[in-house]
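Beneath this line is the structure, given in structure tokens, with notes to follow.
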Amino acid sequence: LTLPQHPIHFLLLLPTPWILTALRARSLLIFGLVAGVLIGPTPIPVLTDNQFINADWSVRTMPKIQALGQSCEIQSGQVRLQLDYDGPIDLCPGSRIELRGVAKPPTELSEAYFRVRGLVGRVEARGEAVQVVSDGPWLQRTASNWRSGFLRFTAANLPTRAAFAVDAMCFHTDGLIDGETRQEIMRTGTVHLMAASGLQVILIALCLQWILQFLPLPRWVQLFLLAFILILYAIATGSQASIIRVVAMSLIASSAYLFKREPDWLSALA
């Protein structure tokens with residue numbers, strides 16, 4: 001799967017003829033290698049010159065909140081771009097937008113990142129350059145509204161620096177943290193706290209389970225509500241792998257009761 005973008009990974013296969021001696025094993029390896037290359041992502045060359053764009057695009061990722069606006073990935077056909085937008089519209093995954101602007105090549109420092117993400121360039125949009133053609137699915141909209149409401153709540157009730165820190169810990173909006181605060185948390189070795197992770201999922205799941213046990217609801221209904229809220233949270237924080245795996249682990253362990261089993265956290269983690 002990774003060979004099209006990283007041909008050097010072929011070196012990892014060199015010892016296999018000595019490790020796999022059976023013909024069947026070698027045949028399966030060759031079949032798997034060919035299948036992986038065929039279905040793996042094909043490298044897309046990044047832009048080398050500025051290009052004007054005026055088309056409909058689909059928002060592919062939950063926008064990252066930054067000091068100067070929102071940043072997300074958009075796609076039209078096979079072309080993917082990074083959009084930096086400072087307008088008033090709250091974008092959410094699945095939305096279709098009409099965008100007018102100039103697509104630029106990535107900077108030299110970000111070119112490797114763009115290639116890994118399959119992005120061909122970046123575009124900056126201001127104000128009315130972005131128009132929403134159709135909203136995203138209701139689940140993504142609900143998750144986006146949850147995050148936006150939380151950010152407004154902290155902004156209204158906490159000092160600015162504290163609000164940005166809480167937002168980063170709860171919804172991974174570390175782009176709002178100023179340089180001075182970022183340097184402080186790096187010096188104290190607590191930079192890992194400034195991002196939503198599996199720890200937040202565990203805390204939410206435990207608190208929800210404690211609250212739900214007092215409600216006169218069947219166990220399967222409680223698990224459904226728990227799953228719905230945890231999935232919303234995973235989407236609101238950008239569908240990161242670290243959060244998705246803990247959501248899955250929590251739901252697997254919590255559903256053991258339905259099968260008259262004790263939760264086994266090691267099996268859930270596996």
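Identifiers in the structure tokens: chain A, B, ... in order shown; residue index from 1 per chain; ligand index from 1 in order shown.
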
Legend entry - Test item: residues at most 8 Å from Leu232 in chain A, only C-alpha atoms, excluding those fewer than 3 positions along its chain, as a list in words: Leu139, Gln140, Thr142, Ala143, Phe228, Ile229, Ile235 and Ala236 of chain A

Could you write out the selected residues, including N, CA and C atoms, as an mmCIF file, in the first residue's frame?
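Resulting contents of part21.cif:
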data_model
loop_
_atom_site.group_PDB
_atom_site.id
_atom_site.type_symbol
_atom_site.label_atom_id
_atom_site.label_comp_id
_atom_site.auth_asym_id
_atom_site.auth_seq_id
_atom_site.Cartn_x
_atom_site.Cartn_y
_atom_site.Cartn_z
ATOM 1 N N LEU A 139 -24.953 14.565 10.894
ATOM 2 C CA LEU A 139 -24.057 14.119 11.954
ATOM 3 C C LEU A 139 -22.828 15.015 12.033
ATOM 4 N N GLN A 140 -22.232 15.321 10.875
ATOM 5 C CA GLN A 140 -21.071 16.211 10.851
ATOM 6 C C GLN A 140 -21.453 17.626 11.275
ATOM 7 N N THR A 142 -23.857 18.449 13.346
ATOM 8 C CA THR A 142 -24.073 18.434 14.789
ATOM 9 C C THR A 142 -22.746 18.463 15.533
ATOM 10 N N ALA A 143 -21.773 17.681 15.072
ATOM 11 C CA ALA A 143 -20.459 17.661 15.710
ATOM 12 C C ALA A 143 -19.780 19.023 15.601
ATOM 13 N N PHE A 228 -23.362 7.224 20.394
ATOM 14 C CA PHE A 228 -23.696 8.413 19.611
ATOM 15 C C PHE A 228 -22.851 9.605 20.051
ATOM 16 N N ILE A 229 -22.728 9.816 21.367
ATOM 17 C CA ILE A 229 -21.980 10.969 21.875
ATOM 18 C C ILE A 229 -20.484 10.804 21.602
ATOM 19 N N ILE A 235 -15.780 12.934 15.678
ATOM 20 C CA ILE A 235 -15.899 13.765 14.478
ATOM 21 C C ILE A 235 -15.531 15.214 14.793
ATOM 22 N N ALA A 236 -15.997 15.719 15.946
ATOM 23 C CA ALA A 236 -15.742 17.115 16.303
ATOM 24 C C ALA A 236 -14.267 17.402 16.504
#

Inset, instruction - Find the residues around Leu176 in chain A up to 9 Å (only C-alpha atoms counted), leave out those fewer than 3 positions away in its own chain, and share them as a list in words. - result: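 Selected residues are Ile65, Gln66, Ala67, Leu68, Arg161, Phe164, Ala165, Asp167, Ala168 and Thr173 of chain A.
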
Once you have the residues from the selection above, write them out as an mmCIF file, in the first residue's frame, restricted to all heavy atoms.
data_model
loop_
_atom_site.group_PDB
_atom_site.id
_atom_site.type_symbol
_atom_site.label_atom_id
_atom_site.label_comp_id
_atom_site.auth_asym_id
_atom_site.auth_seq_id
_atom_site.Cartn_x
_atom_site.Cartn_y
_atom_site.Cartn_z
ATOM 1 N N ILE A 65 -9.220 25.051 13.698
ATOM 2 C CA ILE A 65 -9.414 26.452 14.084
ATOM 3 C C ILE A 65 -8.057 27.084 14.335
ATOM 4 O O ILE A 65 -7.260 26.595 15.147
ATOM 5 C CB ILE A 65 -10.297 26.559 15.335
ATOM 6 C CG1 ILE A 65 -11.604 25.814 15.123
ATOM 7 C CG2 ILE A 65 -10.563 28.013 15.674
ATOM 8 C CD1 ILE A 65 -12.455 26.341 14.000
ATOM 9 N N GLN A 66 -7.785 28.173 13.644
ATOM 10 C CA GLN A 66 -6.525 28.885 13.788
ATOM 11 C C GLN A 66 -6.797 30.348 14.098
ATOM 12 O O GLN A 66 -7.934 30.821 14.007
ATOM 13 C CB GLN A 66 -5.692 28.754 12.505
ATOM 14 C CG GLN A 66 -5.351 27.318 12.139
ATOM 15 C CD GLN A 66 -4.582 27.218 10.828
ATOM 16 O OE1 GLN A 66 -4.606 28.135 10.009
ATOM 17 N NE2 GLN A 66 -3.892 26.115 10.637
ATOM 18 N N ALA A 67 -5.736 31.047 14.463
ATOM 19 C CA ALA A 67 -5.887 32.458 14.818
ATOM 20 C C ALA A 67 -6.432 33.271 13.646
ATOM 21 O O ALA A 67 -7.160 34.245 13.844
ATOM 22 C CB ALA A 67 -4.542 33.016 15.283
ATOM 23 N N LEU A 68 -6.091 32.878 12.420
ATOM 24 C CA LEU A 68 -6.503 33.627 11.239
ATOM 25 C C LEU A 68 -7.688 32.994 10.527
ATOM 26 O O LEU A 68 -7.989 33.347 9.384
ATOM 27 C CB LEU A 68 -5.321 33.771 10.267
ATOM 28 C CG LEU A 68 -4.102 34.522 10.824
ATOM 29 C CD1 LEU A 68 -2.995 34.570 9.788
ATOM 30 C CD2 LEU A 68 -4.480 35.928 11.263
ATOM 31 N N ARG A 161 -6.417 33.501 27.306
ATOM 32 C CA ARG A 161 -5.388 32.457 27.248
ATOM 33 C C ARG A 161 -5.912 31.155 27.836
ATOM 34 O O ARG A 161 -5.635 30.064 27.329
ATOM 35 C CB ARG A 161 -4.133 32.908 27.992
ATOM 36 C CG ARG A 161 -3.383 34.051 27.316
ATOM 37 C CD ARG A 161 -2.139 34.431 28.082
ATOM 38 N NE ARG A 161 -1.149 33.364 28.072
ATOM 39 C CZ ARG A 161 -0.034 33.392 28.805
ATOM 40 N NH1 ARG A 161 0.202 34.406 29.619
ATOM 41 N NH2 ARG A 161 0.822 32.405 28.742
ATOM 42 N N PHE A 164 -8.329 29.469 25.323
ATOM 43 C CA PHE A 164 -7.642 28.796 24.228
ATOM 44 C C PHE A 164 -7.018 27.482 24.697
ATOM 45 O O PHE A 164 -6.999 26.491 23.951
ATOM 46 C CB PHE A 164 -6.569 29.712 23.637
ATOM 47 C CG PHE A 164 -7.130 30.885 22.867
ATOM 48 C CD1 PHE A 164 -6.321 31.954 22.523
ATOM 49 C CD2 PHE A 164 -8.461 30.899 22.479
ATOM 50 C CE1 PHE A 164 -6.833 33.029 21.807
ATOM 51 C CE2 PHE A 164 -8.992 31.966 21.765
ATOM 52 C CZ PHE A 164 -8.167 33.026 21.428
ATOM 53 N N ALA A 165 -6.483 27.455 25.919
ATOM 54 C CA ALA A 165 -5.877 26.233 26.452
ATOM 55 C C ALA A 165 -6.931 25.151 26.668
ATOM 56 O O ALA A 165 -6.735 23.981 26.327
ATOM 57 C CB ALA A 165 -5.139 26.528 27.753
ATOM 58 N N ASP A 167 -9.844 24.948 25.144
ATOM 59 C CA ASP A 167 -10.306 24.529 23.817
ATOM 60 C C ASP A 167 -9.355 23.507 23.210
ATOM 61 O O ASP A 167 -9.790 22.514 22.602
ATOM 62 C CB ASP A 167 -10.412 25.739 22.886
ATOM 63 C CG ASP A 167 -11.477 26.725 23.348
ATOM 64 O OD1 ASP A 167 -12.357 26.326 24.124
ATOM 65 O OD2 ASP A 167 -11.398 27.902 22.937
ATOM 66 N N ALA A 168 -8.046 23.741 23.360
ATOM 67 C CA ALA A 168 -7.059 22.812 22.800
ATOM 68 C C ALA A 168 -7.132 21.458 23.489
ATOM 69 O O ALA A 168 -7.046 20.411 22.832
ATOM 70 C CB ALA A 168 -5.659 23.401 22.940
ATOM 71 N N THR A 173 -8.036 22.308 19.319
ATOM 72 C CA THR A 173 -7.905 23.578 18.587
ATOM 73 C C THR A 173 -6.634 24.303 19.046
ATOM 74 O O THR A 173 -6.683 25.442 19.487
ATOM 75 C CB THR A 173 -9.140 24.473 18.822
ATOM 76 O OG1 THR A 173 -9.313 24.676 20.231
ATOM 77 C CG2 THR A 173 -10.387 23.825 18.262
#

Can you pull out the residues contacting Arg80 in chain A? Cut-off 7 Å, using only C-alpha atoms, and skip same-chain residues under 3 positions away; I want them as a short mmCIF file (atom, residue, chain, number, x, y, z; two decimals) with N, CA and C atoms, in the first residue's frame.
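That gives us part-v4.cif:
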data_model
loop_
_atom_site.label_atom_id
_atom_site.label_comp_id
_atom_site.auth_asym_id
_atom_site.auth_seq_id
_atom_site.Cartn_x
_atom_site.Cartn_y
_atom_site.Cartn_z
N GLU A 73 -9.11 20.45 4.33
CA GLU A 73 -8.82 19.90 3.03
C GLU A 73 -10.11 19.86 2.20
N ILE A 74 -10.01 20.24 0.93
CA ILE A 74 -11.15 20.23 0.03
C ILE A 74 -10.80 19.41 -1.20
N GLN A 75 -11.82 18.89 -1.87
CA GLN A 75 -11.58 18.01 -3.01
C GLN A 75 -12.59 18.28 -4.10
N SER A 76 -12.10 18.21 -5.34
CA SER A 76 -12.95 18.28 -6.53
C SER A 76 -12.41 17.27 -7.52
N GLY A 118 -1.74 13.72 -0.12
CA GLY A 118 -2.37 13.72 -1.44
C GLY A 118 -2.85 15.10 -1.86
N LEU A 119 -2.28 16.16 -1.28
CA LEU A 119 -2.66 17.53 -1.60
C LEU A 119 -1.76 18.06 -2.71
N VAL A 120 -2.36 18.75 -3.68
CA VAL A 120 -1.56 19.28 -4.79
C VAL A 120 -1.18 20.74 -4.56
#

Inset, instruction - Have a look at CA of Arg261 in chain A and CA of Arg219 in chain A and let me know their distance in Å, one decimal. - result: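 That distance, rounded to one decimal, is 13.7 Å.
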
Inset, instruction - Give me, please, the distance in Å between CA of Phe10 in chain A and CA of Gly36 in chain A, quoted to one decimal. - result: 12.4 Å

Can you pull out the residues contacting range 193-197 of chain A? Cut-off 10 Å, using only C-alpha atoms, and skip same-chain residues under 3 positions away; I want them as an mmCIF file with all heavy atoms, in the first residue's frame.
data_model
loop_
_atom_site.group_PDB
_atom_site.id
_atom_site.type_symbol
_atom_site.label_atom_id
_atom_site.label_comp_id
_atom_site.auth_asym_id
_atom_site.auth_seq_id
_atom_site.Cartn_x
_atom_site.Cartn_y
_atom_site.Cartn_z
ATOM 1 N N PHE A 164 -8.329 29.469 25.323
ATOM 2 C CA PHE A 164 -7.642 28.796 24.228
ATOM 3 C C PHE A 164 -7.018 27.482 24.697
ATOM 4 O O PHE A 164 -6.999 26.491 23.951
ATOM 5 C CB PHE A 164 -6.569 29.712 23.637
ATOM 6 C CG PHE A 164 -7.130 30.885 22.867
ATOM 7 C CD1 PHE A 164 -6.321 31.954 22.523
ATOM 8 C CD2 PHE A 164 -8.461 30.899 22.479
ATOM 9 C CE1 PHE A 164 -6.833 33.029 21.807
ATOM 10 C CE2 PHE A 164 -8.992 31.966 21.765
ATOM 11 C CZ PHE A 164 -8.167 33.026 21.428
ATOM 12 N N ALA A 165 -6.483 27.455 25.919
ATOM 13 C CA ALA A 165 -5.877 26.233 26.452
ATOM 14 C C ALA A 165 -6.931 25.151 26.668
ATOM 15 O O ALA A 165 -6.735 23.981 26.327
ATOM 16 C CB ALA A 165 -5.139 26.528 27.753
ATOM 17 N N VAL A 166 -8.076 25.538 27.222
ATOM 18 C CA VAL A 166 -9.164 24.574 27.450
ATOM 19 C C VAL A 166 -9.693 24.057 26.109
ATOM 20 O O VAL A 166 -9.965 22.853 25.951
ATOM 21 C CB VAL A 166 -10.286 25.220 28.285
ATOM 22 C CG1 VAL A 166 -11.508 24.302 28.347
ATOM 23 C CG2 VAL A 166 -9.790 25.522 29.690
ATOM 24 N N ASP A 167 -9.844 24.948 25.144
ATOM 25 C CA ASP A 167 -10.306 24.529 23.817
ATOM 26 C C ASP A 167 -9.355 23.507 23.210
ATOM 27 O O ASP A 167 -9.790 22.514 22.602
ATOM 28 C CB ASP A 167 -10.412 25.739 22.886
ATOM 29 C CG ASP A 167 -11.477 26.725 23.348
ATOM 30 O OD1 ASP A 167 -12.357 26.326 24.124
ATOM 31 O OD2 ASP A 167 -11.398 27.902 22.937
ATOM 32 N N ALA A 168 -8.046 23.741 23.360
ATOM 33 C CA ALA A 168 -7.059 22.812 22.800
ATOM 34 C C ALA A 168 -7.132 21.458 23.489
ATOM 35 O O ALA A 168 -7.046 20.411 22.832
ATOM 36 C CB ALA A 168 -5.659 23.401 22.940
ATOM 37 N N MET A 169 -7.287 21.459 24.811
ATOM 38 C CA MET A 169 -7.348 20.196 25.549
ATOM 39 C C MET A 169 -8.603 19.405 25.210
ATOM 40 O O MET A 169 -8.589 18.176 25.183
ATOM 41 C CB MET A 169 -7.292 20.460 27.052
ATOM 42 C CG MET A 169 -5.908 20.822 27.560
ATOM 43 S SD MET A 169 -5.823 20.889 29.354
ATOM 44 C CE MET A 169 -6.708 22.420 29.668
ATOM 45 N N CYS A 170 -9.706 20.106 24.950
ATOM 46 C CA CYS A 170 -10.991 19.418 24.762
ATOM 47 C C CYS A 170 -11.305 19.126 23.305
ATOM 48 O O CYS A 170 -11.896 18.080 23.007
ATOM 49 C CB CYS A 170 -12.112 20.253 25.379
ATOM 50 S SG CYS A 170 -12.001 20.411 27.178
ATOM 51 N N PHE A 171 -10.936 20.024 22.388
ATOM 52 C CA PHE A 171 -11.331 19.843 20.990
ATOM 53 C C PHE A 171 -10.174 20.015 20.011
ATOM 54 O O PHE A 171 -10.410 20.239 18.822
ATOM 55 C CB PHE A 171 -12.465 20.804 20.628
ATOM 56 C CG PHE A 171 -13.808 20.369 21.134
ATOM 57 C CD1 PHE A 171 -14.279 20.822 22.351
ATOM 58 C CD2 PHE A 171 -14.593 19.487 20.406
ATOM 59 C CE1 PHE A 171 -15.513 20.416 22.838
ATOM 60 C CE2 PHE A 171 -15.825 19.076 20.876
ATOM 61 C CZ PHE A 171 -16.289 19.537 22.093
ATOM 62 N N HIS A 172 -8.942 19.926 20.498
ATOM 63 C CA HIS A 172 -7.774 19.903 19.618
ATOM 64 C C HIS A 172 -7.629 21.173 18.780
ATOM 65 O O HIS A 172 -7.137 21.148 17.650
ATOM 66 C CB HIS A 172 -7.833 18.687 18.685
ATOM 67 C CG HIS A 172 -6.502 18.310 18.114
ATOM 68 N ND1 HIS A 172 -5.428 17.925 18.900
ATOM 69 C CD2 HIS A 172 -6.058 18.252 16.838
ATOM 70 C CE1 HIS A 172 -4.387 17.667 18.126
ATOM 71 N NE2 HIS A 172 -4.741 17.859 16.873
ATOM 72 N N THR A 173 -8.036 22.308 19.319
ATOM 73 C CA THR A 173 -7.905 23.578 18.587
ATOM 74 C C THR A 173 -6.634 24.303 19.046
ATOM 75 O O THR A 173 -6.683 25.442 19.487
ATOM 76 C CB THR A 173 -9.140 24.473 18.822
ATOM 77 O OG1 THR A 173 -9.313 24.676 20.231
ATOM 78 C CG2 THR A 173 -10.387 23.825 18.262
ATOM 79 N N ASP A 174 -5.497 23.619 18.927
ATOM 80 C CA ASP A 174 -4.243 24.192 19.416
ATOM 81 C C ASP A 174 -3.739 25.331 18.550
ATOM 82 O O ASP A 174 -2.782 26.018 18.917
ATOM 83 C CB ASP A 174 -3.170 23.116 19.525
ATOM 84 C CG ASP A 174 -2.934 22.392 18.210
ATOM 85 O OD1 ASP A 174 -3.816 22.460 17.338
ATOM 86 O OD2 ASP A 174 -1.878 21.761 18.058
ATOM 87 N N ILE A 177 -3.557 28.820 20.342
ATOM 88 C CA ILE A 177 -2.615 29.088 21.432
ATOM 89 C C ILE A 177 -1.523 30.024 20.938
ATOM 90 O O ILE A 177 -0.905 29.786 19.897
ATOM 91 C CB ILE A 177 -2.011 27.784 21.961
ATOM 92 C CG1 ILE A 177 -3.116 26.887 22.537
ATOM 93 C CG2 ILE A 177 -0.960 28.050 23.022
ATOM 94 C CD1 ILE A 177 -2.625 25.549 23.028
ATOM 95 N N ARG A 182 2.618 28.620 24.132
ATOM 96 C CA ARG A 182 3.171 27.401 23.536
ATOM 97 C C ARG A 182 4.590 27.139 24.040
ATOM 98 O O ARG A 182 4.962 25.991 24.328
ATOM 99 C CB ARG A 182 3.157 27.510 22.011
ATOM 100 C CG ARG A 182 3.388 26.190 21.293
ATOM 101 C CD ARG A 182 3.296 26.403 19.782
ATOM 102 N NE ARG A 182 1.982 26.854 19.388
ATOM 103 C CZ ARG A 182 0.973 26.034 19.149
ATOM 104 N NH1 ARG A 182 1.130 24.735 19.278
ATOM 105 N NH2 ARG A 182 -0.206 26.515 18.775
ATOM 106 N N ILE A 185 4.364 25.751 27.718
ATOM 107 C CA ILE A 185 3.982 24.348 27.865
ATOM 108 C C ILE A 185 5.062 23.423 27.294
ATOM 109 O O ILE A 185 5.214 22.280 27.757
ATOM 110 C CB ILE A 185 2.625 24.064 27.190
ATOM 111 C CG1 ILE A 185 2.663 24.358 25.698
ATOM 112 C CG2 ILE A 185 1.520 24.870 27.844
ATOM 113 C CD1 ILE A 185 1.364 24.048 24.980
ATOM 114 N N GLY A 189 7.119 20.521 29.568
ATOM 115 C CA GLY A 189 6.897 19.145 29.157
ATOM 116 C C GLY A 189 5.448 18.718 29.161
ATOM 117 O O GLY A 189 5.150 17.525 29.271
ATOM 118 N N THR A 190 4.521 19.669 29.039
ATOM 119 C CA THR A 190 3.087 19.333 29.074
ATOM 120 C C THR A 190 2.412 19.585 27.731
ATOM 121 O O THR A 190 1.196 19.738 27.668
ATOM 122 C CB THR A 190 2.381 20.161 30.163
ATOM 123 O OG1 THR A 190 2.635 21.553 29.934
ATOM 124 C CG2 THR A 190 2.881 19.783 31.544
ATOM 125 N N GLN A 200 -9.266 12.042 26.964
ATOM 126 C CA GLN A 200 -10.542 12.755 27.005
ATOM 127 C C GLN A 200 -11.710 11.813 26.706
ATOM 128 O O GLN A 200 -12.783 11.923 27.311
ATOM 129 C CB GLN A 200 -10.534 13.913 26.003
ATOM 130 C CG GLN A 200 -9.757 15.134 26.468
ATOM 131 C CD GLN A 200 -8.286 15.031 26.165
ATOM 132 O OE1 GLN A 200 -7.727 13.948 26.068
ATOM 133 N NE2 GLN A 200 -7.630 16.177 26.000
ATOM 134 N N VAL A 201 -11.515 10.879 25.781
ATOM 135 C CA VAL A 201 -12.576 9.931 25.450
ATOM 136 C C VAL A 201 -12.910 9.057 26.660
ATOM 137 O O VAL A 201 -14.081 8.816 26.974
ATOM 138 C CB VAL A 201 -12.168 9.055 24.251
ATOM 139 C CG1 VAL A 201 -13.227 7.999 23.966
ATOM 140 C CG2 VAL A 201 -11.943 9.922 23.020
ATOM 141 N N ILE A 202 -11.873 8.575 27.348
ATOM 142 C CA ILE A 202 -12.095 7.740 28.530
ATOM 143 C C ILE A 202 -12.854 8.518 29.599
ATOM 144 O O ILE A 202 -13.797 8.006 30.220
ATOM 145 C CB ILE A 202 -10.751 7.232 29.082
ATOM 146 C CG1 ILE A 202 -10.111 6.248 28.104
ATOM 147 C CG2 ILE A 202 -10.946 6.575 30.436
ATOM 148 C CD1 ILE A 202 -10.880 4.971 27.916
ATOM 149 N N TYR A 233 -18.105 13.159 19.293
ATOM 150 C CA TYR A 233 -16.873 13.776 19.804
ATOM 151 C C TYR A 233 -15.696 13.455 18.874
ATOM 152 O O TYR A 233 -14.851 14.327 18.612
ATOM 153 C CB TYR A 233 -16.583 13.283 21.219
ATOM 154 C CG TYR A 233 -15.363 13.901 21.834
ATOM 155 C CD1 TYR A 233 -15.383 15.222 22.283
ATOM 156 C CD2 TYR A 233 -14.172 13.188 21.954
ATOM 157 C CE1 TYR A 233 -14.254 15.807 22.836
ATOM 158 C CE2 TYR A 233 -13.047 13.769 22.510
ATOM 159 C CZ TYR A 233 -13.089 15.071 22.948
ATOM 160 O OH TYR A 233 -11.969 15.647 23.491
ATOM 161 N N ALA A 234 -15.624 12.212 18.394
ATOM 162 C CA ALA A 234 -14.540 11.844 17.483
ATOM 163 C C ALA A 234 -14.575 12.698 16.218
ATOM 164 O O ALA A 234 -13.537 13.152 15.731
ATOM 165 C CB ALA A 234 -14.629 10.364 17.133
ATOM 166 N N THR A 237 -13.496 16.395 16.894
ATOM 167 C CA THR A 237 -12.065 16.603 17.120
ATOM 168 C C THR A 237 -11.222 16.260 15.905
ATOM 169 O O THR A 237 -9.991 16.235 15.993
ATOM 170 C CB THR A 237 -11.588 15.764 18.320
ATOM 171 O OG1 THR A 237 -11.983 14.402 18.137
ATOM 172 C CG2 THR A 237 -12.171 16.285 19.616
ATOM 173 N N GLY A 238 -11.864 15.982 14.772
ATOM 174 C CA GLY A 238 -11.108 15.775 13.543
ATOM 175 C C GLY A 238 -10.902 14.335 13.149
ATOM 176 O O GLY A 238 -10.068 14.049 12.280
ATOM 177 N N GLN A 240 -9.368 11.809 14.539
ATOM 178 C CA GLN A 240 -7.990 11.374 14.682
ATOM 179 C C GLN A 240 -7.933 9.900 15.067
ATOM 180 O O GLN A 240 -8.783 9.392 15.781
ATOM 181 C CB GLN A 240 -7.286 12.198 15.749
ATOM 182 C CG GLN A 240 -7.320 13.690 15.514
ATOM 183 C CD GLN A 240 -6.784 14.440 16.698
ATOM 184 O OE1 GLN A 240 -5.579 14.462 16.935
ATOM 185 N NE2 GLN A 240 -7.658 15.035 17.474
ATOM 186 N N ALA A 241 -6.879 9.238 14.612
ATOM 187 C CA ALA A 241 -6.740 7.810 14.899
ATOM 188 C C ALA A 241 -6.678 7.545 16.405
ATOM 189 O O ALA A 241 -7.244 6.564 16.898
ATOM 190 C CB ALA A 241 -5.485 7.266 14.217
ATOM 191 N N SER A 242 -5.999 8.413 17.153
ATOM 192 C CA SER A 242 -5.858 8.196 18.591
ATOM 193 C C SER A 242 -7.197 8.226 19.300
ATOM 194 O O SER A 242 -7.389 7.533 20.313
ATOM 195 C CB SER A 242 -4.934 9.262 19.189
ATOM 196 O OG SER A 242 -5.471 10.568 18.997
ATOM 197 N N ILE A 243 -8.139 9.000 18.798
ATOM 198 C CA ILE A 243 -9.463 9.089 19.413
ATOM 199 C C ILE A 243 -10.376 7.983 18.909
ATOM 200 O O ILE A 243 -11.111 7.368 19.678
ATOM 201 C CB ILE A 243 -10.073 10.477 19.161
ATOM 202 C CG1 ILE A 243 -9.305 11.527 19.966
ATOM 203 C CG2 ILE A 243 -11.558 10.508 19.515
ATOM 204 C CD1 ILE A 243 -9.834 12.922 19.830
ATOM 205 N N ILE A 244 -10.308 7.689 17.611
ATOM 206 C CA ILE A 244 -11.178 6.655 17.040
ATOM 207 C C ILE A 244 -10.901 5.310 17.695
ATOM 208 O O ILE A 244 -11.826 4.552 18.025
ATOM 209 C CB ILE A 244 -10.982 6.575 15.527
ATOM 210 C CG1 ILE A 244 -11.551 7.836 14.862
ATOM 211 C CG2 ILE A 244 -11.660 5.329 14.949
ATOM 212 C CD1 ILE A 244 -11.320 7.899 13.373
ATOM 213 N N VAL A 246 -9.757 4.651 20.696
ATOM 214 C CA VAL A 246 -10.243 4.587 22.074
ATOM 215 C C VAL A 246 -11.772 4.559 22.113
ATOM 216 O O VAL A 246 -12.361 3.915 22.981
ATOM 217 C CB VAL A 246 -9.688 5.771 22.893
ATOM 218 C CG1 VAL A 246 -10.210 5.733 24.316
ATOM 219 C CG2 VAL A 246 -8.172 5.722 22.912
#

Legend entry - Distance query range 253-258 of chain A at most 10 Å, only C-alpha atoms, self and fewer than 5 positions along chain excluded, as a list in words: Ala205, Gln209, Arg219, Trp220, Gln222, Leu223, Phe224, Leu226, Ala227, Ala248, Pro263, Asp264, Trp265, Leu266, Ser267, Ala268 and Leu269 of chain A

Inset, instruction - Tell me which of A:Asn157, A:Thr61, A:Asn50, A:Thr16 sits closest to Arg117 in chain A, counting only C-alpha atoms. - result: A:Thr61

Legend entry - Exercise: Cys72 in chain A partners within 8 Å, only C-alpha atoms, chain neighbours under 4 positions left out, as an MDAnalysis selection string: chainID A and resid 59:64 82:84

Inset, instruction - Find, counting only C-alpha atoms, the residue in A:Leu13, A:Leu109, A:Leu208, A:Val130 that gets nearest to Ile30 in chain A. - result: A:Leu13

Legend entry - CA of Gln78 in chain A to CA of Asn54 in chain A, straight-line distance in Å: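 Rounded to one decimal, the two atoms are 15.7 Å apart.
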
Legend entry - Gly77 in chain A environment, 10 Å, only C-alpha atoms, sequence neighbours closer than 5 positions dropped, as a list in words: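 Near Gly77 in chain A, the qualifying residues are Asp56, Trp57 and Ser58 of chain A.
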
Inset, instruction - Would you please give, as a list in words, all residues of range 91-168 of chain A that DSSP assigns to strand (DSSP E or B) based on the backbone? - result: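 Here are the strand (DSSP E or B) residues of range 91-168 of chain A: Arg96, Ile97, Glu98, Leu99, Arg100, Gly101, Val102, Ala103, Lys104, Gly121, Arg122, Val123, Glu124, Ala125, Val130, Gln131, Val132, Val133 and Ser134 of chain A.
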
Inset, instruction - Please return as an MDAnalysis selection string: the residues of range 23-107 of chain A that backbone DSSP assigns to alpha helix (DSSP H). - result: chainID A and resid 23:39

Inset, instruction - Go through A:Val221, A:Leu151, A:Met186, A:Leu1 and flag the residue nearest Val34 in chain A, using only C-alpha atoms for the distances. - result: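 Between A:Val221, A:Leu151, A:Met186, A:Leu1, the residue approaching Val34 in chain A most closely is A:Leu1.
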